[in-house]
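K.L.:
This is the structure I have questions about; it appears just below.
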Amino acid sequence: MIDLSGRVAIVTGAGGGLGREHALLLARHGAKVLVNDLGGSLKGEGHSTTRAEQVVAEIVKQGGEAIANGASVTDAAAVGQMVDAVLSRWGRVDILVNNAGILRDKTFSKMSWEEFRLIVDVHLMGAFHCTKAVWEHMKQQSYGRIVMTTSSSGLYGNFGQSNYSAAKLGLVGLMQTLGLEGVKYNIRVNCLAPTAGTRMLDGLMMQSTLEALQPASVSPGLLALVSESAPNRAILCAGAGSFERAYITLTRGVHVGLHDRAADEVLGRWAGISDRAGEIVPEAGSAQGQIELEKAGFGSVTGVGS
Ligand code: NAI
């Protein structure tokens with residue numbers, strides 16, 4: 001059994017849906033939990049702390065310790081106060097679950113600047129604010145477990161969700177680099193890509209399908225990602241009790257060189273460029289440049305970045 005006693009967790013957007021299940025499960029495993037939720041609609045309108053307070057009451061009823069917080073993750077100052085409240089109450093923060101989110105689905109033609117910006121603000125900037133507010137503290141205590149909630153929409157695309165897809169894949173990039181920077185401080189950063197029958201999927205699937213996709217069956221994946229023996233820089237996909245991993249890979253590719261017909265050769269050798277035999281999962285972005293220089297005949301070169 002994963003034991004989180006003595007650990008302190010912040011779960012954003014935990015007034016309902018997945019966040020609520022995450023918060024309840026972390027508390028059942030002994031963590032003290034700050035339950036954050038803006039308490040607005042699926043589109044992000046309105047504000048109420050009632051739902052966060054209800055989850056706190058549930059945790060307390062099951063014998064755990066929790067406090068409610070109604071900050072919007074888009075408000076950096078309020079997020080700072082949220083982290084201060086946790087530190088003054090429990091003296092530490094070990095786990096951050098960036099889960100808060102909303103939708104503003106439209107095809108790209110119909111999407112306004114505001115709708116695009118709002119989704120990036122809530123998902124990507126919101127996770128940035130919360131992570132920034134706990135990062136130095138986690139570094140000082142040489143312990144931290146952070147999860148970004150990404151989505152299959154970001155990993156693979158989804159019609160009508162260009163804003164959401166962009167924000168969600170942005171979180172994968174944030175995780176990749178923070179996972180590298182956190183290594184020497186024992187801070188591990190991972191992504192969770194859930195499928196769950198929450199209000200986010202209401203009307204998009206049959207009721208029976210929504211019921212099969214219980215949010216509670218995603219939370220064990222989250223618990224694994226915030227445990228002491230968590231992986232680092234993984235993208236864990238989870239839904240209906242099944243778990244998969246997604247990877248950003250690089251094919252072996254071909255060397256074309258620089259000449260007048262290079263673009264034609266790129267098209268002509270597309271099958272070779274795309275061939276997935278021997279593809280790798282680079283440890284860092286610099287791997288791409290190193291491999292390209294090696295193929296170009298420059299041997300093994302180090303220190304190539306993006
Ligand atoms: P949900 O709508 O039930 O939960 C999201 C919660 O975040 C709500 O309680 C909402 O009040 C809160 N929230 C929204 N904006 C906030 C803000 N600015 N500050 C603080 N809290 C805020 O939806 P669900 O499905 O539980 O979503 C949780 C996360 O999982 C989201 O990041 C979502 O994008 C992600 N996700 C969900 C999928 C699904 O199948 N349900 C699929 C892929 C990703």
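Going through the structure tokens in order, the chains are called A, B, and so on, while each chain numbers its residues from 1 and the ligands are numbered from 1 in the order shown.
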As a list of chain:residue names, please: the residues near region 155-170 of chain A (cut-off 7 Å, only C-alpha atoms, same-chain neighbours under 3 positions excluded).

P.N.:
A:Asp105, A:Lys106, A:Thr107, A:Phe108, A:Phe116, A:Ile119, A:Val120, A:His123, A:Leu124, A:Thr150, A:Ser151, A:Ser152, A:Gly173, A:Leu174

K.L.:
Ligand 1: which residues are within 6 Å, counting only C-alpha atoms and all ligand atoms? Reply as a compact mmCIF listing (two decimals) with N, CA and C atoms, in the first residue's frame.

P.N.:
# COMPACT_ATOMS: atom_id res chain seq x y z
N THR A 12 -5.62 20.94 -7.47
CA THR A 12 -6.42 22.04 -8.01
C THR A 12 -7.64 21.48 -8.76
N GLY A 13 -8.69 22.27 -8.76
CA GLY A 13 -9.93 21.83 -9.42
C GLY A 13 -10.49 20.57 -8.78
N ALA A 14 -10.41 20.49 -7.44
CA ALA A 14 -10.77 19.25 -6.73
C ALA A 14 -12.16 19.30 -6.13
N GLY A 15 -12.99 20.24 -6.57
CA GLY A 15 -14.35 20.32 -6.04
C GLY A 15 -15.29 19.32 -6.68
N GLY A 16 -14.87 18.70 -7.78
CA GLY A 16 -15.72 17.73 -8.47
C GLY A 16 -14.88 16.89 -9.41
N GLY A 17 -15.54 16.02 -10.18
CA GLY A 17 -14.88 15.26 -11.23
C GLY A 17 -13.64 14.52 -10.76
N LEU A 18 -12.62 14.54 -11.60
CA LEU A 18 -11.37 13.81 -11.31
C LEU A 18 -10.66 14.33 -10.07
N GLY A 19 -10.61 15.67 -9.94
CA GLY A 19 -9.87 16.26 -8.83
C GLY A 19 -10.41 15.80 -7.48
N ASP A 37 -10.66 24.75 -5.55
CA ASP A 37 -11.60 24.79 -6.68
C ASP A 37 -12.24 26.16 -6.79
N LEU A 38 -12.24 26.66 -8.01
CA LEU A 38 -12.88 27.94 -8.28
C LEU A 38 -14.40 27.82 -8.16
N GLY A 39 -14.91 26.63 -8.43
CA GLY A 39 -16.35 26.38 -8.28
C GLY A 39 -17.21 27.00 -9.36
N GLY A 40 -16.64 27.19 -10.54
CA GLY A 40 -17.41 27.78 -11.64
C GLY A 40 -18.04 26.73 -12.54
N LEU A 42 -18.54 24.69 -16.34
CA LEU A 42 -17.59 24.00 -17.22
C LEU A 42 -16.85 24.99 -18.12
N GLY A 44 -16.06 27.92 -17.11
CA GLY A 44 -15.24 28.77 -16.25
C GLY A 44 -15.95 30.01 -15.74
N ALA A 71 -9.21 29.74 -4.76
CA ALA A 71 -8.41 30.55 -5.70
C ALA A 71 -8.60 30.07 -7.13
N SER A 72 -8.57 31.03 -8.06
CA SER A 72 -8.47 30.64 -9.46
C SER A 72 -7.00 30.42 -9.76
N VAL A 73 -6.68 29.33 -10.43
CA VAL A 73 -5.27 29.06 -10.76
C VAL A 73 -4.72 30.10 -11.74
N THR A 74 -5.61 30.89 -12.33
CA THR A 74 -5.14 31.95 -13.24
C THR A 74 -4.62 33.17 -12.49
N ASN A 99 -4.75 20.01 -11.86
CA ASN A 99 -5.90 19.31 -12.46
C ASN A 99 -6.99 20.27 -12.94
N ALA A 100 -7.03 21.50 -12.40
CA ALA A 100 -8.12 22.43 -12.73
C ALA A 100 -8.22 22.66 -14.24
N GLY A 101 -9.44 22.74 -14.73
CA GLY A 101 -9.57 22.98 -16.16
C GLY A 101 -10.98 23.28 -16.59
N ILE A 102 -11.09 23.92 -17.74
CA ILE A 102 -12.39 24.24 -18.35
C ILE A 102 -12.30 23.97 -19.85
N VAL A 122 -5.94 29.11 -18.22
CA VAL A 122 -6.38 28.22 -17.14
C VAL A 122 -5.47 26.97 -17.07
N THR A 149 -2.04 17.61 -15.66
CA THR A 149 -3.11 16.85 -16.32
C THR A 149 -3.15 17.25 -17.79
N THR A 150 -2.68 16.36 -18.64
CA THR A 150 -2.70 16.60 -20.08
C THR A 150 -3.95 15.91 -20.65
N SER A 151 -3.96 15.66 -21.93
CA SER A 151 -5.14 15.07 -22.55
C SER A 151 -4.79 14.43 -23.88
N ALA A 193 -2.95 11.61 -18.51
CA ALA A 193 -3.93 11.87 -19.58
C ALA A 193 -5.16 11.00 -19.29
N PRO A 194 -6.17 11.58 -18.66
CA PRO A 194 -7.31 10.75 -18.23
C PRO A 194 -8.42 10.63 -19.28
N THR A 195 -9.25 9.62 -19.10
CA THR A 195 -10.57 9.58 -19.76
C THR A 195 -11.56 9.29 -18.64
N ALA A 196 -12.51 10.18 -18.44
CA ALA A 196 -13.42 10.02 -17.31
C ALA A 196 -14.77 10.63 -17.61
N GLY A 197 -15.79 9.96 -17.16
CA GLY A 197 -17.16 10.43 -17.40
C GLY A 197 -17.58 11.54 -16.45
N THR A 198 -16.87 12.66 -16.52
CA THR A 198 -17.21 13.84 -15.71
C THR A 198 -18.10 14.76 -16.53
N ARG A 199 -18.41 15.93 -15.96
CA ARG A 199 -19.24 16.89 -16.70
C ARG A 199 -18.55 17.33 -17.99
N MET A 200 -17.22 17.16 -18.06
CA MET A 200 -16.50 17.56 -19.26
C MET A 200 -16.92 16.74 -20.48
N LEU A 201 -17.37 15.51 -20.25
CA LEU A 201 -17.79 14.66 -21.37
C LEU A 201 -19.30 14.56 -21.50

K.L.:
What lies within 12 Å of region 277-279 of chain A using only C-alpha atoms, ignoring chain neighbours under 3 positions off, as JSON, numbers by chain?

P.N.:
{"A": [247, 248, 249, 250, 251, 252, 253, 271, 272, 273, 274, 282, 288, 291]}

K.L.:
Can you write just those residues out, N, CA, C and O atoms, as a CSV table (one decimal), in the first residue's frame?

P.N.:
chain,number,residue,atom,x,y,z
A,247,TYR,N,4.4,8.3,-25.6
A,247,TYR,CA,5.7,8.7,-25.7
A,247,TYR,C,5.9,9.7,-26.9
A,247,TYR,O,5.1,9.7,-27.8
A,248,ILE,N,6.8,10.6,-26.7
A,248,ILE,CA,7.2,11.5,-27.9
A,248,ILE,C,8.5,10.8,-28.4
A,248,ILE,O,9.5,10.8,-27.8
A,249,THR,N,8.3,10.3,-29.6
A,249,THR,CA,9.4,9.5,-30.2
A,249,THR,C,10.1,10.2,-31.3
A,249,THR,O,9.6,11.3,-31.8
A,250,LEU,N,11.3,9.7,-31.7
A,250,LEU,CA,12.0,10.2,-32.9
A,250,LEU,C,12.4,9.1,-33.8
A,250,LEU,O,13.0,8.1,-33.3
A,251,THR,N,12.1,9.1,-35.1
A,251,THR,CA,12.5,8.0,-35.9
A,251,THR,C,14.0,8.2,-36.3
A,251,THR,O,14.6,9.2,-36.0
A,252,ARG,N,14.6,7.1,-36.8
A,252,ARG,CA,16.0,7.2,-37.2
A,252,ARG,C,16.2,8.1,-38.3
A,252,ARG,O,17.2,8.8,-38.4
A,253,GLY,N,15.3,8.2,-39.2
A,253,GLY,CA,15.3,9.2,-40.3
A,253,GLY,C,16.4,8.9,-41.3
A,253,GLY,O,17.0,7.8,-41.3
A,271,ALA,N,9.0,7.7,-46.8
A,271,ALA,CA,8.8,6.4,-46.1
A,271,ALA,C,10.0,6.1,-45.2
A,271,ALA,O,9.8,5.7,-44.1
A,272,GLY,N,11.2,6.4,-45.7
A,272,GLY,CA,12.4,6.2,-44.8
A,272,GLY,C,12.4,7.1,-43.6
A,272,GLY,O,12.7,6.7,-42.5
A,273,ILE,N,12.1,8.4,-43.9
A,273,ILE,CA,12.0,9.4,-42.8
A,273,ILE,C,11.0,8.9,-41.7
A,273,ILE,O,11.2,9.1,-40.5
A,274,SER,N,9.9,8.4,-42.2
A,274,SER,CA,8.8,8.0,-41.3
A,274,SER,C,8.9,6.6,-40.7
A,274,SER,O,8.2,6.3,-39.8
A,282,PRO,N,13.9,10.3,-27.0
A,282,PRO,CA,15.1,11.0,-26.6
A,282,PRO,C,15.0,11.4,-25.1
A,282,PRO,O,14.0,11.7,-24.6
A,288,GLN,N,18.2,15.2,-30.6
A,288,GLN,CA,17.9,15.4,-32.0
A,288,GLN,C,19.1,15.9,-32.8
A,288,GLN,O,19.5,15.3,-33.8
A,291,ILE,N,22.0,13.4,-33.0
A,291,ILE,CA,21.8,12.3,-34.0
A,291,ILE,C,21.9,12.9,-35.4
A,291,ILE,O,22.5,12.2,-36.3

K.L.:
Give the strand (DSSP E) residues of region 58-215 of chain A, as assigned by DSSP on the backbone, as a ChimeraX atom specification.

P.N.:
/A:66-69,95-98,144-149,187-195

K.L.:
Measuring atom to atom with only C-alpha atoms, identify which of A:Arg20, A:Leu192, A:Lys295, A:Ser217 is nearest to Glu244 (chain A).

P.N.:
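Of all the options, A:Leu192 lies closest to Glu244 (chain A).
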